[in-house]
Amino acid sequence: MQSAQMKNSLIVILAVLAVYLTSQLWFENFSGRNFFYRFLNAYVTAPALSGENSFGQPYRLIIGLGGNSFIVRYNNLSAQPVKRDCDEIISDVLKQGEFIAMRETSDSDARYDEIFNSRCYLYDYYFDMPMIHFAAAFSQKNSALVSRISTFNCVALIPVPQPDGSYPGEKTIVCFLDEMRGVIYEYESKKNLAPPSGEAPPLVYESSRLSGYSFMSSHAFIAKFSQGVYSYPAIQVINPYAGTELLMGAIEKNVDSFFVNPAAKVSFVGENNVYTFIDENTVVKYYKNDVLDYANYKTVSVNATFLQNYEAAVRFIRNDPLVTNEYYLAGYESEEEKKITFYFDYAINDLPLLLPDGYRSSAEAPIGHAIEITVDEENVARYRKLVYTYLQDSYAKTAASDFNAALRFVAEPDGASASPLSGVVLGYKMDRSKQAFLYWVLWLQGGGSFSQNAQ
């Protein structure tokens, strides 16, 4: 009798636990994560964007050492002490900064050179940052800067020394750079900031403006191998959904977390061998090119702000246990009045991960960024991602082909650039062996791009 009561009690406890865990599934309830996701995320070490204020985080932090020498950081930005100091000064400028000047055309050109030649910190953004959202992300939505500055793409923080040249000084100059329009908005903060110091690492960057690269139609920071070559870890590309073999059962197990009640979903192989999983409100498709596409058809109306929609996006990604690499905001697009699509890309080893060209032009499931997520009134309506995760390999590779070597592939016989370049980047790019190595990517002003292995 006692044994039967204990069994009944155990069944009740398990039933209650099952209901609780189901109700806490993060695709329907953003208030918290269930036990299993807390367990899984304990093994995810990559920092994730979090909260509305992370909208103001740059996609890379550029540290100017002076003399046209720069360090570029893509990873662990929020953990760097200097970032916290810079955030405090930006917040101070938004709240009570003293306006100095707005510089345009030739006046701004000279000031650009002064800024990039100085010891400074640069918050670099992948897109034109709207001041109205930037100020709100720093809890200063009523800042006077909102009425003066529409957009910018870089914030420069320049420590000012004492009259005798010593540090710390008594103020910091903060410049909002709109490089597309050639405008600089200059402010002063009474807070001081220590200037960058130390030796340049093996991978440094130069300013195309300061280097006099007239073939660049827009400014770029270009990587240089300070020791002639650059040793770096290769990257393994892992498919966490399928392992070594793409099977329906393996994929189904990993998409269950997208459903409130996984047992109620229907699974089948659709047209063009697309693995499809559906229930009343949700459709998840897994394409042969390893693109996962989630769609939710619930409608809500909460009159969400732009930053609330952004926060819903990063919260959704953060709660995906199979997104383990650090990612940054690469842009956004407003489709309708309240529907916004946010784009994210990965970075590893302080370098960006570049999407293989074939994915953008794929006839099956084209995707332009590692993650694309559409939010409508704080509800994630669509979530698309390239499913791979990236791990540093145990062996090192050597990059010996520098920017000048890559440039020769797009040059005319007389050495001149065949077409002005609109951009250049050194980053990891995946090849057919499911490994990622360093590549140069050069964007041509007339359209198109060129990739060259940096080996």
# chains A, B, ... in the order shown; residues from 1 in each chain; ligands from 1
>>> residues_around(residues="A:Cys120", least_positions_apart="5", cutoff="9 Å", atoms="only C-alpha atoms", output="MDAnalysis selection string")
chainID A and resid 62:66 115 156:159 195:196
>>> residues_around(residues="A:Val302", least_positions_apart="3", cutoff="10 Å", atoms="only C-alpha atoms", output="ChimeraX atom specification")
/A:305,376-379
>>> select_by_dssp(residues="stretch 156-375 of chain A", states="strand (DSSP E or B)", output="ChimeraX atom specification")
/A:156-160,171-178,183-189,203-207,216,221-225,230-238,266-269,275-278,282-286,291-296,327-334,339-348,351-354,371-375
>>> closest_residue(among="A:Val375, A:Ala264, A:Val424, A:Leu355", to="A:Arg315", atoms="only C-alpha atoms")
A:Val375
>>> closest_residue(among="A:Gly182, A:Pro201, A:Gly56, A:Gly212", to="A:Tyr230", atoms="only C-alpha atoms")
A:Pro201
>>> atom_distance(atom1="atom CA of A:Ala136", atom2="atom CA of A:Asn53")
7.8 Å
>>> select_by_dssp(residues="stretch 103-329 of chain A", states="helix (DSSP H, G or I)", output="PyMOL selection string")
chain A and resi 105-117+131-137+145-148+248-258+262-264+271-273+306-318
>>> write_last_selection(atoms="C-alpha atoms", output="PDB file, in the first residue's frame")
ATOM      1  CA  THR A 105      33.912  68.633 -46.510  1.00  0.00           C
ATOM      2  CA  SER A 106      37.553  69.798 -46.534  1.00  0.00           C
ATOM      3  CA  ASP A 107      37.445  70.815 -42.869  1.00  0.00           C
ATOM      4  CA  SER A 108      36.313  67.311 -41.893  1.00  0.00           C
ATOM      5  CA  ASP A 109      39.006  65.694 -44.077  1.00  0.00           C
ATOM      6  CA  ALA A 110      41.759  67.348 -42.040  1.00  0.00           C
ATOM      7  CA  ARG A 111      40.023  66.412 -38.792  1.00  0.00           C
ATOM      8  CA  TYR A 112      39.689  62.774 -39.920  1.00  0.00           C
ATOM      9  CA  ASP A 113      43.450  62.639 -40.374  1.00  0.00           C
ATOM     10  CA  GLU A 114      43.990  64.137 -36.915  1.00  0.00           C
ATOM     11  CA  ILE A 115      41.634  61.634 -35.298  1.00  0.00           C
ATOM     12  CA  PHE A 116      43.107  58.558 -36.981  1.00  0.00           C
ATOM     13  CA  ASN A 117      46.650  59.703 -36.244  1.00  0.00           C
ATOM     14  CA  MET A 131      21.137  58.567 -33.024  1.00  0.00           C
ATOM     15  CA  ILE A 132      17.576  58.264 -31.740  1.00  0.00           C
ATOM     16  CA  HIS A 133      18.017  54.526 -31.059  1.00  0.00           C
ATOM     17  CA  PHE A 134      21.646  54.878 -29.964  1.00  0.00           C
ATOM     18  CA  ALA A 135      20.743  57.457 -27.303  1.00  0.00           C
ATOM     19  CA  ALA A 136      17.860  55.314 -26.066  1.00  0.00           C
ATOM     20  CA  ALA A 137      20.198  52.312 -25.783  1.00  0.00           C
ATOM     21  CA  LEU A 145      22.137  65.116 -29.705  1.00  0.00           C
ATOM     22  CA  VAL A 146      19.042  63.413 -31.162  1.00  0.00           C
ATOM     23  CA  SER A 147      17.867  66.669 -32.741  1.00  0.00           C
ATOM     24  CA  ARG A 148      21.335  67.511 -34.108  1.00  0.00           C
ATOM     25  CA  MET A 248      15.507  13.025 -40.163  1.00  0.00           C
ATOM     26  CA  GLY A 249      15.648  11.686 -36.607  1.00  0.00           C
ATOM     27  CA  ALA A 250      18.764  13.638 -35.660  1.00  0.00           C
ATOM     28  CA  ILE A 251      17.362  16.903 -37.005  1.00  0.00           C
ATOM     29  CA  GLU A 252      13.965  16.310 -35.396  1.00  0.00           C
ATOM     30  CA  LYS A 253      15.539  15.845 -31.978  1.00  0.00           C
ATOM     31  CA  ASN A 254      17.246  19.227 -32.270  1.00  0.00           C
ATOM     32  CA  VAL A 255      14.230  21.182 -33.518  1.00  0.00           C
ATOM     33  CA  ASP A 256      11.916  19.946 -30.754  1.00  0.00           C
ATOM     34  CA  SER A 257      12.809  22.984 -28.652  1.00  0.00           C
ATOM     35  CA  PHE A 258      11.057  25.234 -31.195  1.00  0.00           C
ATOM     36  CA  PRO A 262       6.980  18.547 -29.559  1.00  0.00           C
ATOM     37  CA  ALA A 263       4.845  15.410 -29.402  1.00  0.00           C
ATOM     38  CA  ALA A 264       2.036  17.229 -31.227  1.00  0.00           C
ATOM     39  CA  GLU A 271       9.412  19.181 -51.789  1.00  0.00           C
ATOM     40  CA  ASN A 272      13.116  19.163 -52.773  1.00  0.00           C
ATOM     41  CA  ASN A 273      13.869  16.934 -49.760  1.00  0.00           C
ATOM     42  CA  PHE A 306      12.203  49.512 -31.748  1.00  0.00           C
ATOM     43  CA  LEU A 307      14.542  48.547 -28.905  1.00  0.00           C
ATOM     44  CA  GLN A 308      11.979  46.185 -27.397  1.00  0.00           C
ATOM     45  CA  ASN A 309      11.822  44.379 -30.730  1.00  0.00           C
ATOM     46  CA  TYR A 310      15.628  44.306 -30.843  1.00  0.00           C
ATOM     47  CA  GLU A 311      15.758  42.888 -27.319  1.00  0.00           C
ATOM     48  CA  ALA A 312      13.249  40.189 -28.285  1.00  0.00           C
ATOM     49  CA  ALA A 313      15.528  39.245 -31.186  1.00  0.00           C
ATOM     50  CA  VAL A 314      18.737  38.910 -29.157  1.00  0.00           C
ATOM     51  CA  ARG A 315      16.864  37.111 -26.359  1.00  0.00           C
ATOM     52  CA  PHE A 316      15.556  34.558 -28.849  1.00  0.00           C
ATOM     53  CA  ILE A 317      19.039  33.949 -30.261  1.00  0.00           C
ATOM     54  CA  ARG A 318      20.594  33.802 -26.803  1.00  0.00           C
TER      55      ARG A 318
END
>>> closest_atom_pairs(of="stretch 154-245 of chain A", to="stretch 346-351 of chain A", cutoff="10 Å", atoms="only C-alpha atoms", output="tab-separated table")
residue	atom	partner	partner_atom	distance
A:Tyr232	CA	A:Asn349	CA	8.6
A:Pro233	CA	A:Asn349	CA	8.3
A:Ala234	CA	A:Asn349	CA	10.0
A:Ile235	CA	A:Ile348	CA	8.9
>>> write_last_selection(atoms="N, CA and C atoms", output="PDB file, in the first residue's frame")
ATOM      1  N   TYR A 232      47.903  31.595 -37.290  1.00  0.00           N
ATOM      2  CA  TYR A 232      46.556  31.646 -36.718  1.00  0.00           C
ATOM      3  C   TYR A 232      45.967  30.239 -36.640  1.00  0.00           C
ATOM      4  N   PRO A 233      45.005  30.011 -35.749  1.00  0.00           N
ATOM      5  CA  PRO A 233      44.377  28.686 -35.676  1.00  0.00           C
ATOM      6  C   PRO A 233      43.343  28.498 -36.776  1.00  0.00           C
ATOM      7  N   ALA A 234      43.378  27.346 -37.413  1.00  0.00           N
ATOM      8  CA  ALA A 234      42.316  27.008 -38.356  1.00  0.00           C
ATOM      9  C   ALA A 234      41.018  26.800 -37.578  1.00  0.00           C
ATOM     10  N   ILE A 235      39.906  26.845 -38.283  1.00  0.00           N
ATOM     11  CA  ILE A 235      38.597  26.728 -37.643  1.00  0.00           C
ATOM     12  C   ILE A 235      37.873  25.501 -38.175  1.00  0.00           C
TER      13      ILE A 235
END
>>> residues_around(residues="A:Met216", least_positions_apart="5", cutoff="10 Å", atoms="only C-alpha atoms", output="number ranges by chain")
A: 208-209, 417, 419-424, 443-445
>>> residues_around(residues="A:Met180", least_positions_apart="5", cutoff="9 Å", atoms="only C-alpha atoms", output="list in words")
Asp128, Phe152, Asn153 and Ser218 of chain A
>>> write_last_selection(atoms="C-alpha atoms", output="PDB file, in the first residue's frame")
ATOM      1  CA  ASP A 128      24.392  53.775 -40.264  1.00  0.00           C
ATOM      2  CA  PHE A 152      26.651  58.083 -37.862  1.00  0.00           C
ATOM      3  CA  ASN A 153      28.819  55.011 -38.387  1.00  0.00           C
ATOM      4  CA  SER A 218      35.647  54.697 -48.983  1.00  0.00           C
TER       5      SER A 218
END
>>> atom_distance(atom1="atom CA of A:Phe221", atom2="atom CA of A:Glu206")
5.5 Å
